[in-house]
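To start, the structure under review is shown below, and the notes come after it.
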Protein chains: 2
Amino acid sequence: MRTHAVVEATQVDAASLLRGAGLRVTKPRTAVIVALAATPHASADDVFQAIAIALPGTSRQAVYNVLGDLADNGLAQRIEPAGSPARYELRVGDNHHHIVCTSCGAVADVDCAVGHAPCLTPHHTAGFVIDEAEVTYWGTCADCQQLARVPDSSSHASAIQGETP
Amino acid sequence: MRTHAVVEATQVDAASLLRGAGLRVTKPRTAVIVALAATPHASADDVFQAIAIALPGTSRQAVYNVLGDLADNGLAQRIEPAGSPARYELRVGDNHHHIVCTSCGAVADVDCAVGHAPCLTPHHTAGFVIDEAEVTYWGTCADCQQLARVPDSSSHASAIQGETP
DNA sequence: CGCATTCTTTTGACTGAATCAAAAGAAGGG
DNA sequence: CCCTTCTTTTGATTCAGTCAAAAGAATGCG
Ligand SMILES: [Mn+2]
Ligand SMILES: [Mn+2]
Ligand SMILES: [Zn+2]
Ligand SMILES: [Zn+2]
């Protein structure tokens, strides 16, 4: 993997994503997209911290604005697992679902169990017209299973990433 | 329906529910249980307001305490739909799901699509051990469909209840 | 019943996450 | 290069909930 090429490609991609959605290309927006590409399911604060390195001085409010704009324009998706601040990802439009670790909050992707949105149809809709079915699985991530086995030490570092190998 | 009998039965029931869980029987707890029985999917604030009538002077903190205690002891379930404060209900242990109106926030119950928890099994669990599958349907409630048809007036009264007929 | 222990509730301060609004700054079209 | 419009910054503010100490009530027991 040519890391440099990957990063550069990502930035180019960010610009065209933004333009494609009719949004101006700005440094905070590019930086947020790059950060989300590197770390799916990041919270606003995670993004803020990631960006502090690449683009110091960026305000927290700018991160909220950008994330909101991305979500409003279909460039990012927001998920809000119970007990966690909102998290964002660039993977949109494929109706995938999430597993959340009840122990450390780690989030991983789960491909849709059935097919396409809404991927589940309840029998009784109580008069509602359904647009979407959101599935959240709750469980224990591999790291926390490990920690439970070795009844040891302090809380481990936060695991925001998806795709636990 | 003998309203008086129903209410009384509910209060009696509240006391035995509490005792059964090893919790002391107090007025705030009884009142919260009665309120939840009358209004499933109520928020802490909804409960606070409902109780203000039956038991004036009850603190907001007491409502939070009671709801937390009920949830911790399996007497109530907490759901946290995105964009809404937590909601509570006495219907526990049957792994049912929810439809939330994206327009007004109304919540209704949906029986589990498959059977018992976890009612859905993803193919790839990314190393997680799954305890539970939570399904949230998003859509438009009957009232809001109606309002959309008649492109009229102001926002309608809040609909907290489940079971839109 | 009356008392002691333990659990609850009240009060009031405080936090995290997010939003609002006004002023300053940058992007992009001409 | 400049003007308009959109973004970002700054700082205040809200909402939902938590924390902690002191006061009050429920249960168990003599
Ligand atoms: Mn995802
Ligand atoms: Mn329910
Ligand atoms: Zn974990
Ligand atoms: Zn509605």
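Scheme for the structure tokens: letters A, B, ... for chains in order shown; per-chain residue numbers from 1; ligand numbers from 1 in order shown.
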Determine, counting only C-alpha atoms (C1' of nucleotides), which protein, DNA and RNA residues have an atom within 10 Å of an atom of stretch 39-43 of chain A; residues of the same chain fewer than 6 positions away are not included. Present the result as a PDB file with all heavy atoms, in the first residue's frame.
```pdb
ATOM      1  N   ILE A  33     -13.362  14.946   5.755  1.00  0.00           N
ATOM      2  CA  ILE A  33     -13.573  13.786   4.893  1.00  0.00           C
ATOM      3  C   ILE A  33     -12.386  12.843   4.963  1.00  0.00           C
ATOM      4  O   ILE A  33     -12.541  11.623   5.064  1.00  0.00           O
ATOM      5  CB  ILE A  33     -13.854  14.239   3.442  1.00  0.00           C
ATOM      6  CG1 ILE A  33     -15.219  14.914   3.389  1.00  0.00           C
ATOM      7  CG2 ILE A  33     -13.802  13.058   2.483  1.00  0.00           C
ATOM      8  CD1 ILE A  33     -15.566  15.509   2.034  1.00  0.00           C
ATOM      9  N   GLN A  49     -10.207  15.930  16.987  1.00  0.00           N
ATOM     10  CA  GLN A  49      -8.844  15.612  17.409  1.00  0.00           C
ATOM     11  C   GLN A  49      -7.980  15.163  16.249  1.00  0.00           C
ATOM     12  O   GLN A  49      -6.805  15.535  16.164  1.00  0.00           O
ATOM     13  CB  GLN A  49      -8.876  14.532  18.485  1.00  0.00           C
ATOM     14  CG  GLN A  49      -9.633  14.995  19.703  1.00  0.00           C
ATOM     15  CD  GLN A  49      -9.223  14.230  20.956  1.00  0.00           C
ATOM     16  OE1 GLN A  49      -8.065  13.820  21.091  1.00  0.00           O
ATOM     17  NE2 GLN A  49     -10.162  14.028  21.853  1.00  0.00           N
ATOM     18  N   ALA A  50      -8.556  14.371  15.367  1.00  0.00           N
ATOM     19  CA  ALA A  50      -7.790  13.923  14.203  1.00  0.00           C
ATOM     20  C   ALA A  50      -7.356  15.117  13.367  1.00  0.00           C
ATOM     21  O   ALA A  50      -6.232  15.191  12.863  1.00  0.00           O
ATOM     22  CB  ALA A  50      -8.633  12.967  13.362  1.00  0.00           C
ATOM     23  N   TYR A  64     -18.642  20.337  13.744  1.00  0.00           N
ATOM     24  CA  TYR A  64     -20.085  20.066  13.791  1.00  0.00           C
ATOM     25  C   TYR A  64     -20.762  20.527  12.505  1.00  0.00           C
ATOM     26  O   TYR A  64     -21.595  19.820  11.928  1.00  0.00           O
ATOM     27  CB  TYR A  64     -20.718  20.766  14.997  1.00  0.00           C
ATOM     28  CG  TYR A  64     -20.537  20.015  16.291  1.00  0.00           C
ATOM     29  CD1 TYR A  64     -19.728  20.517  17.300  1.00  0.00           C
ATOM     30  CD2 TYR A  64     -21.179  18.802  16.509  1.00  0.00           C
ATOM     31  CE1 TYR A  64     -19.557  19.828  18.491  1.00  0.00           C
ATOM     32  CE2 TYR A  64     -21.019  18.114  17.695  1.00  0.00           C
ATOM     33  CZ  TYR A  64     -20.209  18.627  18.692  1.00  0.00           C
ATOM     34  OH  TYR A  64     -20.048  17.938  19.864  1.00  0.00           O
ATOM     35  N   LEU A  67     -19.743  18.147   9.571  1.00  0.00           N
ATOM     36  CA  LEU A  67     -20.387  16.835   9.684  1.00  0.00           C
ATOM     37  C   LEU A  67     -21.871  16.946   9.362  1.00  0.00           C
ATOM     38  O   LEU A  67     -22.432  16.091   8.664  1.00  0.00           O
ATOM     39  CB  LEU A  67     -20.168  16.258  11.080  1.00  0.00           C
ATOM     40  CG  LEU A  67     -18.729  15.834  11.379  1.00  0.00           C
ATOM     41  CD1 LEU A  67     -18.556  15.474  12.859  1.00  0.00           C
ATOM     42  CD2 LEU A  67     -18.316  14.646  10.506  1.00  0.00           C
ATOM     43  N   GLN A  77     -22.995   9.551   6.694  1.00  0.00           N
ATOM     44  CA  GLN A  77     -24.129   9.037   7.436  1.00  0.00           C
ATOM     45  C   GLN A  77     -23.856   9.222   8.923  1.00  0.00           C
ATOM     46  O   GLN A  77     -22.732   9.065   9.371  1.00  0.00           O
ATOM     47  CB  GLN A  77     -24.309   7.542   7.142  1.00  0.00           C
ATOM     48  CG  GLN A  77     -25.551   6.976   7.787  1.00  0.00           C
ATOM     49  CD  GLN A  77     -25.688   5.484   7.570  1.00  0.00           C
ATOM     50  OE1 GLN A  77     -24.778   4.833   7.057  1.00  0.00           O
ATOM     51  NE2 GLN A  77     -26.805   4.926   7.978  1.00  0.00           N
ATOM     52  N   ARG A  78     -24.896   9.568   9.649  1.00  0.00           N
ATOM     53  CA  ARG A  78     -24.757   9.736  11.086  1.00  0.00           C
ATOM     54  C   ARG A  78     -25.435   8.566  11.781  1.00  0.00           C
ATOM     55  O   ARG A  78     -26.548   8.204  11.438  1.00  0.00           O
ATOM     56  CB  ARG A  78     -25.458  11.030  11.506  1.00  0.00           C
ATOM     57  CG  ARG A  78     -25.395  11.325  12.990  1.00  0.00           C
ATOM     58  CD  ARG A  78     -26.421  12.393  13.397  1.00  0.00           C
ATOM     59  NE  ARG A  78     -26.744  13.312  12.323  1.00  0.00           N
ATOM     60  CZ  ARG A  78     -26.512  14.621  12.357  1.00  0.00           C
ATOM     61  NH1 ARG A  78     -25.988  15.178  13.416  1.00  0.00           N
ATOM     62  NH2 ARG A  78     -26.831  15.387  11.317  1.00  0.00           N
ATOM     63  N   ILE A  79     -24.756   7.949  12.736  1.00  0.00           N
ATOM     64  CA  ILE A  79     -25.445   6.944  13.555  1.00  0.00           C
ATOM     65  C   ILE A  79     -25.361   7.392  15.001  1.00  0.00           C
ATOM     66  O   ILE A  79     -24.402   8.054  15.404  1.00  0.00           O
ATOM     67  CB  ILE A  79     -24.860   5.524  13.392  1.00  0.00           C
ATOM     68  CG1 ILE A  79     -23.408   5.479  13.830  1.00  0.00           C
ATOM     69  CG2 ILE A  79     -25.016   5.045  11.962  1.00  0.00           C
ATOM     70  CD1 ILE A  79     -22.823   4.082  13.816  1.00  0.00           C
ATOM     71  N   GLU A  80     -26.361   7.056  15.767  1.00  0.00           N
ATOM     72  CA  GLU A  80     -26.412   7.497  17.163  1.00  0.00           C
ATOM     73  C   GLU A  80     -26.724   6.331  18.087  1.00  0.00           C
ATOM     74  O   GLU A  80     -27.842   6.198  18.558  1.00  0.00           O
ATOM     75  CB  GLU A  80     -27.484   8.583  17.340  1.00  0.00           C
ATOM     76  CG  GLU A  80     -27.177   9.843  16.588  1.00  0.00           C
ATOM     77  CD  GLU A  80     -28.256  10.925  16.790  1.00  0.00           C
ATOM     78  OE1 GLU A  80     -28.660  11.175  17.942  1.00  0.00           O
ATOM     79  OE2 GLU A  80     -28.695  11.507  15.786  1.00  0.00           O
ATOM     80  N   SER A  84     -23.911   6.824  23.378  1.00  0.00           N
ATOM     81  CA  SER A  84     -22.706   7.293  22.703  1.00  0.00           C
ATOM     82  C   SER A  84     -23.021   8.586  21.970  1.00  0.00           C
ATOM     83  O   SER A  84     -24.147   8.795  21.543  1.00  0.00           O
ATOM     84  CB  SER A  84     -22.264   6.223  21.703  1.00  0.00           C
ATOM     85  OG  SER A  84     -21.415   6.756  20.716  1.00  0.00           O
ATOM     86  N   PRO A  85     -22.040   9.485  21.846  1.00  0.00           N
ATOM     87  CA  PRO A  85     -22.267  10.625  20.967  1.00  0.00           C
ATOM     88  C   PRO A  85     -22.425  10.138  19.538  1.00  0.00           C
ATOM     89  O   PRO A  85     -22.060   9.005  19.217  1.00  0.00           O
ATOM     90  CB  PRO A  85     -21.000  11.463  21.140  1.00  0.00           C
ATOM     91  CG  PRO A  85     -19.999  10.568  21.757  1.00  0.00           C
ATOM     92  CD  PRO A  85     -20.738   9.526  22.509  1.00  0.00           C
ATOM     93  N   ALA A  86     -22.937  10.981  18.682  1.00  0.00           N
ATOM     94  CA  ALA A  86     -23.152  10.602  17.285  1.00  0.00           C
ATOM     95  C   ALA A  86     -21.836  10.219  16.620  1.00  0.00           C
ATOM     96  O   ALA A  86     -20.781  10.758  16.950  1.00  0.00           O
ATOM     97  CB  ALA A  86     -23.796  11.758  16.527  1.00  0.00           C
ATOM     98  N   ARG A  87     -21.913   9.290  15.723  1.00  0.00           N
ATOM     99  CA  ARG A  87     -20.746   8.860  14.961  1.00  0.00           C
ATOM    100  C   ARG A  87     -21.045   8.998  13.483  1.00  0.00           C
ATOM    101  O   ARG A  87     -22.197   8.909  13.072  1.00  0.00           O
ATOM    102  CB  ARG A  87     -20.408   7.413  15.289  1.00  0.00           C
ATOM    103  CG  ARG A  87     -19.865   7.266  16.699  1.00  0.00           C
ATOM    104  CD  ARG A  87     -20.163   5.901  17.253  1.00  0.00           C
ATOM    105  NE  ARG A  87     -19.605   5.743  18.591  1.00  0.00           N
ATOM    106  CZ  ARG A  87     -18.372   5.326  18.838  1.00  0.00           C
ATOM    107  NH1 ARG A  87     -17.567   5.037  17.833  1.00  0.00           N
ATOM    108  NH2 ARG A  87     -17.958   5.212  20.079  1.00  0.00           N
ATOM    109  N   TYR A  88     -19.976   9.164  12.694  1.00  0.00           N
ATOM    110  CA  TYR A  88     -20.150   9.457  11.272  1.00  0.00           C
ATOM    111  C   TYR A  88     -19.299   8.541  10.434  1.00  0.00           C
ATOM    112  O   TYR A  88     -18.237   8.098  10.860  1.00  0.00           O
ATOM    113  CB  TYR A  88     -19.765  10.906  11.000  1.00  0.00           C
ATOM    114  CG  TYR A  88     -20.636  11.899  11.731  1.00  0.00           C
ATOM    115  CD1 TYR A  88     -20.386  12.231  13.058  1.00  0.00           C
ATOM    116  CD2 TYR A  88     -21.734  12.470  11.103  1.00  0.00           C
ATOM    117  CE1 TYR A  88     -21.195  13.128  13.735  1.00  0.00           C
ATOM    118  CE2 TYR A  88     -22.554  13.364  11.763  1.00  0.00           C
ATOM    119  CZ  TYR A  88     -22.274  13.694  13.082  1.00  0.00           C
ATOM    120  OH  TYR A  88     -23.084  14.572  13.761  1.00  0.00           O
ATOM    121  N   GLU A  89     -19.781   8.309   9.207  1.00  0.00           N
ATOM    122  CA  GLU A  89     -19.014   7.484   8.285  1.00  0.00           C
ATOM    123  C   GLU A  89     -19.347   7.885   6.866  1.00  0.00           C
ATOM    124  O   GLU A  89     -20.415   8.416   6.586  1.00  0.00           O
ATOM    125  CB  GLU A  89     -19.348   6.009   8.502  1.00  0.00           C
ATOM    126  CG  GLU A  89     -20.784   5.670   8.158  1.00  0.00           C
ATOM    127  CD  GLU A  89     -21.098   4.224   8.473  1.00  0.00           C
ATOM    128  OE1 GLU A  89     -20.178   3.398   8.500  1.00  0.00           O
ATOM    129  OE2 GLU A  89     -22.291   3.924   8.703  1.00  0.00           O
ATOM    130  N   LEU A  90     -18.407   7.595   5.977  1.00  0.00           N
ATOM    131  CA  LEU A  90     -18.605   7.947   4.567  1.00  0.00           C
ATOM    132  C   LEU A  90     -19.353   6.856   3.813  1.00  0.00           C
ATOM    133  O   LEU A  90     -19.796   7.073   2.693  1.00  0.00           O
ATOM    134  CB  LEU A  90     -17.245   8.185   3.901  1.00  0.00           C
ATOM    135  CG  LEU A  90     -16.443   9.361   4.481  1.00  0.00           C
ATOM    136  CD1 LEU A  90     -15.100   9.476   3.786  1.00  0.00           C
ATOM    137  CD2 LEU A  90     -17.231  10.664   4.335  1.00  0.00           C
ATOM    138  N   ARG A  91     -19.462   5.698   4.422  1.00  0.00           N
ATOM    139  CA  ARG A  91     -20.162   4.610   3.742  1.00  0.00           C
ATOM    140  C   ARG A  91     -21.660   4.881   3.803  1.00  0.00           C
ATOM    141  O   ARG A  91     -22.298   4.709   4.857  1.00  0.00           O
ATOM    142  CB  ARG A  91     -19.800   3.291   4.434  1.00  0.00           C
ATOM    143  CG  ARG A  91     -20.416   2.084   3.760  1.00  0.00           C
ATOM    144  CD  ARG A  91     -19.936   0.790   4.375  1.00  0.00           C
ATOM    145  NE  ARG A  91     -20.758  -0.337   3.932  1.00  0.00           N
ATOM    146  CZ  ARG A  91     -20.627  -1.570   4.377  1.00  0.00           C
ATOM    147  NH1 ARG A  91     -19.698  -1.856   5.289  1.00  0.00           N
ATOM    148  NH2 ARG A  91     -21.414  -2.523   3.933  1.00  0.00           N
ATOM    149  N   HIS A  98     -24.871  -2.034  12.174  1.00  0.00           N
ATOM    150  CA  HIS A  98     -23.726  -1.885  13.082  1.00  0.00           C
ATOM    151  C   HIS A  98     -23.790  -2.795  14.296  1.00  0.00           C
ATOM    152  O   HIS A  98     -24.877  -3.085  14.787  1.00  0.00           O
ATOM    153  CB  HIS A  98     -23.615  -0.426  13.529  1.00  0.00           C
ATOM    154  CG  HIS A  98     -23.300   0.470  12.375  1.00  0.00           C
ATOM    155  ND1 HIS A  98     -24.252   1.182  11.697  1.00  0.00           N
ATOM    156  CD2 HIS A  98     -22.120   0.701  11.724  1.00  0.00           C
ATOM    157  CE1 HIS A  98     -23.684   1.828  10.686  1.00  0.00           C
ATOM    158  NE2 HIS A  98     -22.393   1.552  10.675  1.00  0.00           N
ATOM    159  N   ALA A 106     -16.848   0.200  20.893  1.00  0.00           N
ATOM    160  CA  ALA A 106     -16.351  -0.018  19.532  1.00  0.00           C
ATOM    161  C   ALA A 106     -17.511  -0.329  18.590  1.00  0.00           C
ATOM    162  O   ALA A 106     -18.477  -0.990  18.983  1.00  0.00           O
ATOM    163  CB  ALA A 106     -15.351  -1.176  19.515  1.00  0.00           C
ATOM    164  N   VAL A 107     -17.395   0.153  17.365  1.00  0.00           N
ATOM    165  CA  VAL A 107     -18.446  -0.054  16.372  1.00  0.00           C
ATOM    166  C   VAL A 107     -17.858  -0.754  15.162  1.00  0.00           C
ATOM    167  O   VAL A 107     -16.765  -0.399  14.709  1.00  0.00           O
ATOM    168  CB  VAL A 107     -19.048   1.291  15.924  1.00  0.00           C
ATOM    169  CG1 VAL A 107     -20.071   1.083  14.819  1.00  0.00           C
ATOM    170  CG2 VAL A 107     -19.673   2.017  17.099  1.00  0.00           C
ATOM    171  N   ALA A 108     -18.558  -1.747  14.655  1.00  0.00           N
ATOM    172  CA  ALA A 108     -18.124  -2.391  13.415  1.00  0.00           C
ATOM    173  C   ALA A 108     -19.312  -2.483  12.466  1.00  0.00           C
ATOM    174  O   ALA A 108     -20.471  -2.443  12.892  1.00  0.00           O
ATOM    175  CB  ALA A 108     -17.559  -3.786  13.690  1.00  0.00           C
ATOM    176  N   ASP A 109     -18.999  -2.594  11.185  1.00  0.00           N
ATOM    177  CA  ASP A 109     -20.047  -2.698  10.177  1.00  0.00           C
ATOM    178  C   ASP A 109     -20.585  -4.119  10.077  1.00  0.00           C
ATOM    179  O   ASP A 109     -19.850  -5.086  10.281  1.00  0.00           O
ATOM    180  CB  ASP A 109     -19.482  -2.305   8.813  1.00  0.00           C
ATOM    181  CG  ASP A 109     -19.263  -0.812   8.692  1.00  0.00           C
ATOM    182  OD1 ASP A 109     -20.059  -0.052   9.273  1.00  0.00           O
ATOM    183  OD2 ASP A 109     -18.298  -0.423   8.024  1.00  0.00           O
ATOM    184  N   ALA A 159     -11.578   2.162  21.091  1.00  0.00           N
ATOM    185  CA  ALA A 159     -11.541   1.559  19.771  1.00  0.00           C
ATOM    186  C   ALA A 159     -12.707   2.085  18.967  1.00  0.00           C
ATOM    187  O   ALA A 159     -13.840   1.701  19.181  1.00  0.00           O
ATOM    188  CB  ALA A 159     -11.623   0.041  19.885  1.00  0.00           C
ATOM    189  N   ILE A 160     -12.407   3.021  18.081  1.00  0.00           N
ATOM    190  CA  ILE A 160     -13.463   3.667  17.322  1.00  0.00           C
ATOM    191  C   ILE A 160     -13.678   2.966  15.999  1.00  0.00           C
ATOM    192  O   ILE A 160     -14.758   2.938  15.469  1.00  0.00           O
ATOM    193  CB  ILE A 160     -13.064   5.119  17.016  1.00  0.00           C
ATOM    194  CG1 ILE A 160     -12.796   5.851  18.312  1.00  0.00           C
ATOM    195  CG2 ILE A 160     -14.120   5.821  16.203  1.00  0.00           C
ATOM    196  CD1 ILE A 160     -11.758   6.913  18.147  1.00  0.00           C
ATOM    197  N   GLN A 161     -12.617   2.440  15.483  1.00  0.00           N
ATOM    198  CA  GLN A 161     -12.609   1.879  14.149  1.00  0.00           C
ATOM    199  C   GLN A 161     -13.618   0.768  13.965  1.00  0.00           C
ATOM    200  O   GLN A 161     -14.024   0.106  14.883  1.00  0.00           O
ATOM    201  CB  GLN A 161     -11.229   1.269  13.881  1.00  0.00           C
ATOM    202  CG  GLN A 161     -10.148   2.247  14.104  1.00  0.00           C
ATOM    203  CD  GLN A 161      -9.418   2.557  12.823  1.00  0.00           C
ATOM    204  OE1 GLN A 161      -9.917   2.296  11.742  1.00  0.00           O
ATOM    205  NE2 GLN A 161      -8.249   3.109  12.931  1.00  0.00           N
ATOM    206  N   GLY A 162     -13.942   0.583  12.720  1.00  0.00           N
ATOM    207  CA  GLY A 162     -14.731  -0.589  12.399  1.00  0.00           C
ATOM    208  C   GLY A 162     -13.771  -1.712  12.095  1.00  0.00           C
ATOM    209  O   GLY A 162     -12.579  -1.644  12.419  1.00  0.00           O
ATOM    210  N   GLU A 163     -14.288  -2.759  11.484  1.00  0.00           N
ATOM    211  CA  GLU A 163     -13.450  -3.814  10.929  1.00  0.00           C
ATOM    212  C   GLU A 163     -12.402  -4.346  11.880  1.00  0.00           C
ATOM    213  O   GLU A 163     -11.224  -4.317  11.571  1.00  0.00           O
ATOM    214  CB  GLU A 163     -12.742  -3.317   9.667  1.00  0.00           C
ATOM    215  CG  GLU A 163     -13.643  -2.598   8.711  1.00  0.00           C
ATOM    216  CD  GLU A 163     -14.985  -3.292   8.510  1.00  0.00           C
ATOM    217  OE1 GLU A 163     -15.052  -4.513   8.688  1.00  0.00           O
ATOM    218  OE2 GLU A 163     -15.963  -2.634   8.210  1.00  0.00           O
TER     219      GLU A 163
END
```
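Using only C-alpha atoms (C1' of nucleotides), the protein and nucleic acid residues lying no more than 10 Å from B:Val129, apart from those fewer than 4 places from it along its own chain, are A:Ile99, A:Cys101, A:Tyr137, A:Trp138, A:Gly139, A:Thr140, A:Cys141, A:Ala142, A:Cys144, A:Gln145, B:Thr125.
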Can you write out as CSV which residues of chain B fall within 12 Å of ligand 3, alongside each residue's closest atom pair and its distance in Å to one decimal, counting only C-alpha atoms and all ligand atoms and ordering rows by chain and ascending residue number?
```
residue,atom,partner,partner_atom_place_in_ligand_line,distance
B:Ala126,CA,ligand 3,1 (Zn),11.6
B:Gly127,CA,ligand 3,1 (Zn),10.2
B:Phe128,CA,ligand 3,1 (Zn),8.4
B:Val129,CA,ligand 3,1 (Zn),10.1
B:Ile130,CA,ligand 3,1 (Zn),11.6
```
Exercise for the section: Go through C:DC14, C:DA24, C:DG2, C:DT8 and flag the residue nearest D:DC19, using only C-alpha atoms (C1' of nucleotides) for the distances. Expected result: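 Selected residue with least distance to D:DC19: C:DC14.
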For the interface of chain C with chain A (cut-off 9 Å, counting only C-alpha atoms (C1' of nucleotides)), please tabulate each contacting residue of chain C alongside its nearest pair of atoms and their separation in Å to one decimal, rows sorted by chain and increasing number, as a tab-separated table.
```
residue	atom	partner	partner_atom	distance
C:DA17	C1'	A:Pro85	CA	6.9
C:DA18	C1'	A:Tyr64	CA	8.3
C:DA26	C1'	A:Thr26	CA	8.5
C:DA27	C1'	A:Arg24	CA	6.6
C:DG28	C1'	A:Arg24	CA	8.3
```
Could you take the residues named above and write them with N, CA and C atoms (P, O5', C5', C4', C3', O3' and C1' of nucleotides), as a compact mmCIF listing (two decimals), in the first residue's frame?
```
# COMPACT_ATOMS: atom_id res chain seq x y z
P DA C 17 -19.29 13.74 25.25
O5' DA C 17 -20.43 14.43 24.39
C5' DA C 17 -21.74 13.87 24.41
C4' DA C 17 -22.66 14.75 23.63
C3' DA C 17 -22.13 15.16 22.25
O3' DA C 17 -23.07 14.71 21.30
C1' DA C 17 -22.95 17.03 23.44
P DA C 18 -22.77 14.94 19.73
O5' DA C 18 -23.62 16.27 19.47
C5' DA C 18 -24.97 16.29 19.90
C4' DA C 18 -25.47 17.70 19.92
C3' DA C 18 -25.30 18.48 18.61
O3' DA C 18 -26.58 18.65 18.04
C1' DA C 18 -24.86 19.83 20.53
P DA C 26 -9.12 34.21 5.72
O5' DA C 26 -10.00 33.43 4.65
C5' DA C 26 -10.21 32.03 4.85
C4' DA C 26 -11.18 31.50 3.82
C3' DA C 26 -10.63 31.41 2.40
O3' DA C 26 -11.11 30.19 1.87
C1' DA C 26 -12.61 32.66 2.39
P DA C 27 -10.32 29.50 0.68
O5' DA C 27 -11.50 29.13 -0.34
C5' DA C 27 -12.78 28.86 0.22
C4' DA C 27 -13.83 28.66 -0.85
C3' DA C 27 -13.35 28.36 -2.26
O3' DA C 27 -14.30 27.47 -2.84
C1' DA C 27 -14.45 30.47 -2.22
P DG C 28 -14.06 26.69 -4.15
O5' DG C 28 -14.80 27.64 -5.21
C5' DG C 28 -16.22 27.79 -5.09
C4' DG C 28 -16.69 28.92 -5.96
C3' DG C 28 -16.26 28.83 -7.43
O3' DG C 28 -17.43 29.08 -8.19
C1' DG C 28 -15.78 30.96 -6.56
```
Problem - Members of stretch 97-146 of chain B assigned alpha helix (DSSP H) by DSSP, as a PyMOL selection string - result: chain B and resi 142-146
Would you save the residues of that selection, restricted to C-alpha atoms, as a CSV table (one decimal), in the first residue's frame?
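Generated output (out27.csv):
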```csv
chain,number,residue,atom,x,y,z
B,142,ALA,CA,-50.7,8.0,10.6
B,143,ASP,CA,-51.2,11.5,12.0
B,144,CYS,CA,-48.3,12.9,10.1
B,145,GLN,CA,-49.4,11.2,6.9
B,146,GLN,CA,-52.7,13.0,7.4
```
Problem - Between atom C1' of C:DT6 and atom CA of B:Phe48 - distance in Å to one decimal - result: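 Atom C1' of C:DT6 lies at a distance of 26.3 Å from atom CA of B:Phe48.
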Exercise for the section: Excluding C:DA13 and residues on its chain fewer than 6 positions from it, collect all residues at most 12 Å away from it, counting only C-alpha atoms (C1' of nucleotides), and give them as a ChimeraX atom specification. Expected result: /D:18-21
Dump of C-alpha atoms (C1' of nucleotides) for the selected residues, as a PDB file, in the first residue's frame:
```
ATOM      1  C1'  DT D  18     -25.241  12.985  36.171  1.00  0.00           C
ATOM      2  C1'  DC D  19     -22.928  13.808  40.748  1.00  0.00           C
ATOM      3  C1'  DA D  20     -22.828  14.524  45.600  1.00  0.00           C
ATOM      4  C1'  DA D  21     -24.271  15.948  50.161  1.00  0.00           C
TER       5       DA D  21
END
```
Practice task
Pick out the chain D residues within 9 Å of chain A. Count only C-alpha atoms (C1' of nucleotides). Give them as an MDAnalysis selection string.
Solution key: chainID D and resid 6:9
Exercise for the section: May I ask which of the residues B:Arg19, B:His96, B:His124, B:Lys27 is the closest one to chain A, counting only C-alpha atoms? Expected result: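 The answer is B:His124, which sits nearest to chain A.
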Exercise for the section: Apply DSSP to the backbone of this structure and, from chain B, keep only the residues in strand (DSSP E); write these as a ChimeraX atom specification. Expected result: /B:42-43,77-79,87-89,97-101,107-110,129-140
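With atom CA of B:Ala35 on one side and atom CA of B:Ile51 on the other, the separation reads 6.9 Å.
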